[in-house]
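Worksheet for the structure shown next.
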Amino acid sequence: MDASALIERKPLDHIQDFQPGDTVTVNLRIVEGDRQRVQAFQGNVISGKHRIAKSPLPGDTFIVRRVSYGVGVERIIPFHSPNVESVKVTRQGKVRRSRLYYLRGLTGKKARIKERR
Amino acid sequence: MTIAGLLGRKIGMTTYYHDDGTAESVTAVEVGPCVVTQVKTDARDGYEAVQVGFLAASKLNQAEAGHQTRSGGKFEHLQEFSVADLAEYEVGQELKADVFEVGESIKVTGTSKGKGFAGVVRRWNFRGGPKTHGQSDRHRSPGSIGAGTSPGRVWPGTKMGGHFGVEKKTIKGLRVVAADVDNNVVLVRGSIPGGKNGIVRIERQGK
């Protein structure tokens, strides 16, 4: 028996198919005291991919990077976290590797990703 | 249920998400169904306990088979657990994962994974020798193992390299994160000794 198969894996219908290089909007549930709201986090996927056909395991994550007021911000997001309201792909990127960690050392025009059409 | 614990089989580790979004590393353990094979009474045995069997046995020697036919069933593993109320148990009774409550503090005993012949750095957390300053051949060496002419021997119990692992280990202070009675699975917070399919003893922890 496989341990990960035991935990009920909810279908990840709220997460669109994406792959590294794509720009995604992640709607995250944020709890502030007794209030909760949804916060959008938009950025490039620099690691991890999602395919509906091959559902990620409970421990799998992906990383979204954005540059906010000149500061690079990365969030590691677990696929199965109940705090992930939805993930939408806003732009498909054309990249040649699966982990775009090289973007961390680049700024401005160099940090752009070509669009895939 | 007043039984102190149950036998189980380690399935493996995974991640469990609570509704508030926090994640926990958990080990899935198949607990039971264990069957009561003998009830030990104070009058007959001098102490009170319940013997339970776990997993069907393929082969038993005659002595074991004789004991177990009386107990109804053939089991690979037999172990005793203390109970608070002996009257609740009778031979043949099946015990399931609902013995444990979610949030309960437990300890898990199992046989740790074998590490083969391990050096002192791995086995006893020695620091080894210096990496630089002209050192050669002593990066992971134990150093001195004792004084000279007096005592003129190595003290028994001196920590050295040797066979490591395959030892009985108990991890205390674990917690039941979730229990699934239908599948007889309990999720335990953290890691437990042994590899997959290893037999473990899960016990409620005295508070």
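Starting from 1 in every chain, residues are counted up; chains themselves are A, B, ... following the order of the structure tokens, and ligands are numbered from 1 as listed.
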
**Request:** Can you check which residues of chain B have any atom within 9 Å of chain A? Use only C-alpha atoms and format it as a ChimeraX atom specification.
**Result:** /B:11-23,25,27-29,183,185,197

Could you take the residues named above and write them with N, CA, C and O atoms, as a short mmCIF file (atom, residue, chain, number, x, y, z; two decimals), in the first residue's frame?
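After the write, out.cif holds the following:
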```
data_model
loop_
_atom_site.label_atom_id
_atom_site.label_comp_id
_atom_site.auth_asym_id
_atom_site.auth_seq_id
_atom_site.Cartn_x
_atom_site.Cartn_y
_atom_site.Cartn_z
N ILE B 11 3.14 1.87 6.78
CA ILE B 11 2.85 1.95 5.35
C ILE B 11 3.80 2.91 4.67
O ILE B 11 4.36 2.62 3.63
N GLY B 12 4.04 4.05 5.27
CA GLY B 12 4.95 5.02 4.67
C GLY B 12 4.58 6.42 5.11
O GLY B 12 3.64 6.61 5.87
N MET B 13 5.35 7.40 4.62
CA MET B 13 5.12 8.77 5.06
C MET B 13 4.48 9.60 3.96
O MET B 13 4.62 9.32 2.78
N THR B 14 3.77 10.62 4.39
CA THR B 14 3.15 11.53 3.44
C THR B 14 2.88 12.86 4.15
O THR B 14 3.35 13.08 5.26
N THR B 15 2.16 13.74 3.50
CA THR B 15 1.84 15.04 4.06
C THR B 15 0.34 15.14 4.31
O THR B 15 -0.45 14.69 3.49
N TYR B 16 0.00 15.68 5.46
CA TYR B 16 -1.41 15.84 5.79
C TYR B 16 -1.72 17.32 5.97
O TYR B 16 -0.99 18.03 6.66
N TYR B 17 -2.76 17.79 5.31
CA TYR B 17 -3.15 19.19 5.43
C TYR B 17 -4.36 19.35 6.32
O TYR B 17 -5.36 18.67 6.13
N HIS B 18 -4.23 20.23 7.29
CA HIS B 18 -5.40 20.56 8.09
C HIS B 18 -6.24 21.59 7.35
O HIS B 18 -5.77 22.22 6.41
N ASP B 19 -7.46 21.77 7.81
CA ASP B 19 -8.36 22.67 7.10
C ASP B 19 -7.87 24.11 7.11
O ASP B 19 -8.19 24.91 6.23
N ASP B 20 -7.08 24.47 8.15
CA ASP B 20 -6.58 25.84 8.19
C ASP B 20 -5.34 26.03 7.33
O ASP B 20 -4.75 27.11 7.32
N GLY B 21 -4.94 24.99 6.61
CA GLY B 21 -3.83 25.14 5.68
C GLY B 21 -2.49 24.71 6.21
O GLY B 21 -1.52 24.66 5.46
N THR B 22 -2.40 24.42 7.51
CA THR B 22 -1.12 23.96 8.03
C THR B 22 -0.89 22.51 7.61
O THR B 22 -1.83 21.72 7.55
N ALA B 23 0.35 22.20 7.32
CA ALA B 23 0.70 20.86 6.86
C ALA B 23 1.49 20.15 7.93
O ALA B 23 2.23 20.78 8.70
N SER B 25 3.90 16.47 8.58
CA SER B 25 4.48 15.24 8.07
C SER B 25 3.94 14.09 8.89
O SER B 25 4.06 14.12 10.11
N THR B 27 3.19 9.69 9.33
CA THR B 27 3.44 8.32 8.92
C THR B 27 2.13 7.57 8.97
O THR B 27 1.41 7.63 9.97
N ALA B 28 1.81 6.91 7.87
CA ALA B 28 0.58 6.11 7.84
C ALA B 28 0.90 4.73 8.39
O ALA B 28 1.88 4.11 8.00
N VAL B 29 0.10 4.28 9.34
CA VAL B 29 0.29 2.96 9.93
C VAL B 29 -1.02 2.19 9.83
O VAL B 29 -2.08 2.70 10.18
N ASN B 183 -10.50 1.90 6.79
CA ASN B 183 -9.29 1.31 6.20
C ASN B 183 -8.30 0.84 7.25
O ASN B 183 -7.22 0.35 6.91
N VAL B 185 -6.45 2.63 9.28
CA VAL B 185 -5.20 3.37 9.14
C VAL B 185 -5.18 4.50 10.15
O VAL B 185 -6.19 5.16 10.38
N ASN B 197 6.35 -1.61 5.72
CA ASN B 197 5.88 -2.95 6.06
C ASN B 197 6.49 -3.48 7.36
O ASN B 197 6.30 -4.65 7.69
#
```

**Asked** Can you list, as an MDAnalysis selection string, every residue of stretch 8-70 of chain A that DSSP puts in strand (DSSP E or B)?
**Response** chainID A and resid 15 18 23:32 35:47 50:51 54 61:68

**Asked** chain A: which residues are alpha helix (DSSP H) by DSSP, as a list in words?
**Response** Ala3, Ser4, Ala5 and Leu6 of chain A

**Asked** atom CA of B:Pro33 to atom CA of B:Ser71: how many Å, to one decimal?
**Response**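 Interatomic distance, atom CA of B:Pro33 to atom CA of B:Ser71: 15.4 Å.
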
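If you count only C-alpha atoms and ignore residues fewer than 4 places along the chain from A:Leu100, what sits within 8 Å of it is Pro20, Gly21, Ile46 and Ser47 of chain A.
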